[in-house]
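In what follows, a structure is listed as structure tokens, so that the remarks can point back to it.
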Amino acid sequence: MIPIRDTIPNQSRPFVTRTLILLNVLVFLYELTLPPEALERFFYLFGIVPARFTDPAWANAAGYPVGGFWVLLTHQFLHGGWLHIISNMWVLWIFGKNVEDSMGHGRFGVFYLLCGVLAGLSQLLAQPHSRMPALGASGAIAGVLGAYFLLYPKAEVVVMVPLLFWPVFFQLPAVIYLGLWFVSQLFNGTLSLGAPDQAGGIAFWVHVGGFVAGMLLSRLFVREPRPATIVDTLNKRAKPIAW
């Protein structure tokens, strides 16, 4: 299921969401200028490679700095291809605007980066000996999804499902869509624990850790007064969309 949009109109200009998307795009455009060998080293230097923390001998032999906790921030702005960045930025745009509404610009920026850091730590704990770089904004975005799950329980998401090359559109409660997504990430993450590195090149525990972090931290970052009445008002204003 591909999310198309949600049914909650945002009430302010999403400056931080737009800035985050712009920064990710600029870094990706820089990646496109690098030759393959330089790009691989770039990913290993600024992505999360758990073995750099747990196997210093390997890191030294491979020529990579041991440790370097800055990667918990820098990995959030790296992407491995067009589909990777487009899908991440699309989801951030759909759900980030409303969470930024509830938190305010500055709080949302801190929340986003903190969720990305905690998501990266989840990957370190889940696969501490992996030598594959984990990169992408999906951990921080998963935190946004976790916050949205709690802050907008009555929202709906317009999704598209391709059936025999024919797109079918329908509305689905956000709690169901996001709940199914989280369960799928948890399931696949559990399966990946038996693999030496990320199964299928996807760091599922980054998604799980980010989502849980977003749920736990969201209430700490929401502006006062608490947005329960705001959410109810927005939900009343939201109208079903016919497709």
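Lettering and numbering for the structure tokens are positional, with chains as A, B, ... in the shown order, residues counted from 1 in each chain, and ligands counted from 1 in the shown order.
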Between segment 60-125 of chain A and segment 163-178 of chain A, at 12 Å or less, what are the per-residue closest atom pairs and their distances in Å? Count only C-alpha atoms, order by chain and rising residue number, and return it as JSON lines.
```
{"residue": "A:Val91", "atom": "CA", "partner": "A:Leu178", "partner_atom": "CA", "distance": 11.5}
{"residue": "A:Ile94", "atom": "CA", "partner": "A:Ala174", "partner_atom": "CA", "distance": 11.7}
{"residue": "A:Phe95", "atom": "CA", "partner": "A:Ala174", "partner_atom": "CA", "distance": 10.2}
```
Nearby residues (only C-alpha atoms) at most 7 Å from Gly96 of chain A, same-chain spacing under 4 positions excluded, as a list in words =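 Here the answer would be Thr17, Leu92, Glu100 and Val144 of chain A.
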The distance between atom CA of Phe42 of chain A and atom CA of Phe211 of chain A is 26.8 Å
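Excluding Glu31 of chain A itself and same-chain residues fewer than 2 positions from it, the residues having an atom within 12 Å of it are A:Asn24, A:Val25, A:Leu26, A:Val27, A:Phe28, A:Leu29, A:Thr33, A:Leu34, A:Pro35, A:Pro36, A:Glu37, A:Ala38, A:Leu39, A:Glu40, A:Arg41, A:Phe42, A:Phe43, A:Phe46, A:Phe77, A:Leu78, A:His79, A:Gly80, A:Gly81, A:Trp82, A:Ile85, counting only C-alpha atoms.
Close contacts of Tyr152 of chain A, defined as residues with an atom at most 8 Å away when counting only C-alpha atoms, with chain neighbours fewer than 3 positions off set aside, comprise Tyr148, Phe149, Ala155, Ala174 and Val231 of chain A.
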Since we have the selection now, will you write its residues out, keeping N, CA and C atoms, as an mmCIF file, in the first residue's frame?
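Saved result, result-v4.cif, follows:
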```
data_model
loop_
_atom_site.group_PDB
_atom_site.id
_atom_site.type_symbol
_atom_site.label_atom_id
_atom_site.label_comp_id
_atom_site.auth_asym_id
_atom_site.auth_seq_id
_atom_site.Cartn_x
_atom_site.Cartn_y
_atom_site.Cartn_z
ATOM 1 N N TYR A 148 2.596 10.509 14.935
ATOM 2 C CA TYR A 148 1.316 10.669 14.227
ATOM 3 C C TYR A 148 0.308 9.635 14.707
ATOM 4 N N PHE A 149 0.769 8.416 14.930
ATOM 5 C CA PHE A 149 -0.085 7.321 15.391
ATOM 6 C C PHE A 149 -0.827 7.708 16.673
ATOM 7 N N ALA A 155 -7.467 10.248 12.191
ATOM 8 C CA ALA A 155 -7.136 10.592 10.805
ATOM 9 C C ALA A 155 -7.269 9.374 9.910
ATOM 10 N N ALA A 174 -5.701 5.862 9.839
ATOM 11 C CA ALA A 174 -4.249 5.977 9.984
ATOM 12 C C ALA A 174 -3.702 4.986 11.004
ATOM 13 N N VAL A 231 -6.881 18.375 17.566
ATOM 14 C CA VAL A 231 -7.036 17.188 16.733
ATOM 15 C C VAL A 231 -8.504 16.923 16.439
#
```
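You can rank A:Val208, A:Ile8, A:Leu216, A:Leu20 by their closest distance to Lys154 of chain A using only C-alpha atoms, and at the top of that list sits A:Ile8.
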Top pick for closest residue to Phe204 of chain A, considering A:Gly189, A:Gly139, A:Pro9, A:Gly146 and counting only C-alpha atoms | A:Gly189
Taking the chain letters and numbering used in this document, name the residues of segment 25-215 of chain A that DSSP puts in strand (DSSP E or B), as a ChimeraX atom specification.
-> /A:48,134,156-163,166-173
I need the residues from that last selection saved to file as a PDB file, in the first residue's frame (with N, CA and C atoms), if you can.
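selection.pdb was written with the following content:
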```
ATOM      1  N   ILE A  48      25.915   4.239   9.569  1.00  0.00           N
ATOM      2  CA  ILE A  48      26.126   3.480  10.803  1.00  0.00           C
ATOM      3  C   ILE A  48      26.625   2.088  10.446  1.00  0.00           C
ATOM      4  N   ALA A 134      24.268   1.198   7.637  1.00  0.00           N
ATOM      5  CA  ALA A 134      22.839   1.524   7.673  1.00  0.00           C
ATOM      6  C   ALA A 134      22.700   3.020   7.425  1.00  0.00           C
ATOM      7  N   GLU A 156      -7.395   9.642   8.617  1.00  0.00           N
ATOM      8  CA  GLU A 156      -7.414   8.584   7.631  1.00  0.00           C
ATOM      9  C   GLU A 156      -6.351   8.864   6.582  1.00  0.00           C
ATOM     10  N   VAL A 157      -5.904   7.807   5.938  1.00  0.00           N
ATOM     11  CA  VAL A 157      -4.859   7.911   4.927  1.00  0.00           C
ATOM     12  C   VAL A 157      -5.403   7.376   3.611  1.00  0.00           C
ATOM     13  N   VAL A 158      -5.244   8.147   2.561  1.00  0.00           N
ATOM     14  CA  VAL A 158      -5.589   7.681   1.223  1.00  0.00           C
ATOM     15  C   VAL A 158      -4.416   6.868   0.702  1.00  0.00           C
ATOM     16  N   VAL A 159      -4.660   5.620   0.364  1.00  0.00           N
ATOM     17  CA  VAL A 159      -3.591   4.735  -0.095  1.00  0.00           C
ATOM     18  C   VAL A 159      -3.911   4.221  -1.493  1.00  0.00           C
ATOM     19  N   MET A 160      -2.866   3.806  -2.180  1.00  0.00           N
ATOM     20  CA  MET A 160      -3.014   3.239  -3.514  1.00  0.00           C
ATOM     21  C   MET A 160      -2.451   1.827  -3.514  1.00  0.00           C
ATOM     22  N   VAL A 161      -3.209   0.901  -4.059  1.00  0.00           N
ATOM     23  CA  VAL A 161      -2.774  -0.484  -4.192  1.00  0.00           C
ATOM     24  C   VAL A 161      -2.825  -0.857  -5.672  1.00  0.00           C
ATOM     25  N   PRO A 162      -1.691  -1.215  -6.277  1.00  0.00           N
ATOM     26  CA  PRO A 162      -1.716  -1.623  -7.689  1.00  0.00           C
ATOM     27  C   PRO A 162      -2.226  -3.056  -7.825  1.00  0.00           C
ATOM     28  N   LEU A 163      -3.327  -3.216  -8.550  1.00  0.00           N
ATOM     29  CA  LEU A 163      -3.893  -4.532  -8.810  1.00  0.00           C
ATOM     30  C   LEU A 163      -3.836  -4.803 -10.308  1.00  0.00           C
ATOM     31  N   TRP A 166      -3.278  -1.900 -12.346  1.00  0.00           N
ATOM     32  CA  TRP A 166      -4.338  -0.893 -12.288  1.00  0.00           C
ATOM     33  C   TRP A 166      -4.402  -0.341 -10.867  1.00  0.00           C
ATOM     34  N   PRO A 167      -4.192   0.975 -10.684  1.00  0.00           N
ATOM     35  CA  PRO A 167      -4.178   1.526  -9.322  1.00  0.00           C
ATOM     36  C   PRO A 167      -5.575   1.619  -8.719  1.00  0.00           C
ATOM     37  N   VAL A 168      -5.703   1.145  -7.508  1.00  0.00           N
ATOM     38  CA  VAL A 168      -6.954   1.225  -6.762  1.00  0.00           C
ATOM     39  C   VAL A 168      -6.721   2.110  -5.538  1.00  0.00           C
ATOM     40  N   PHE A 169      -7.574   3.126  -5.359  1.00  0.00           N
ATOM     41  CA  PHE A 169      -7.436   4.066  -4.259  1.00  0.00           C
ATOM     42  C   PHE A 169      -8.558   3.842  -3.242  1.00  0.00           C
ATOM     43  N   PHE A 170      -8.203   3.931  -1.959  1.00  0.00           N
ATOM     44  CA  PHE A 170      -9.218   3.885  -0.909  1.00  0.00           C
ATOM     45  C   PHE A 170      -8.653   4.506   0.359  1.00  0.00           C
ATOM     46  N   GLN A 171      -9.553   4.845   1.281  1.00  0.00           N
ATOM     47  CA  GLN A 171      -9.149   5.447   2.551  1.00  0.00           C
ATOM     48  C   GLN A 171      -9.085   4.395   3.645  1.00  0.00           C
ATOM     49  N   LEU A 172      -8.093   4.561   4.499  1.00  0.00           N
ATOM     50  CA  LEU A 172      -7.854   3.614   5.571  1.00  0.00           C
ATOM     51  C   LEU A 172      -7.547   4.405   6.835  1.00  0.00           C
ATOM     52  N   PRO A 173      -8.116   4.026   7.995  1.00  0.00           N
ATOM     53  CA  PRO A 173      -7.750   4.728   9.235  1.00  0.00           C
ATOM     54  C   PRO A 173      -6.243   4.718   9.435  1.00  0.00           C
TER      55      PRO A 173
END
```
Contacts of Ala203 of chain A at 10 Å or less, counting only C-alpha atoms, minus same-chain residues fewer than 6 places along, as a list in words?
->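 The residues that qualify are Ala119, Gly120, Ser122, Gln123, Ala126, Gln127, Met132, Pro133, Ala134, Leu135, Gly136, Ser138, Gly139, Gln185, Asn188, Gly189, Ser192 and Asp197 of chain A.
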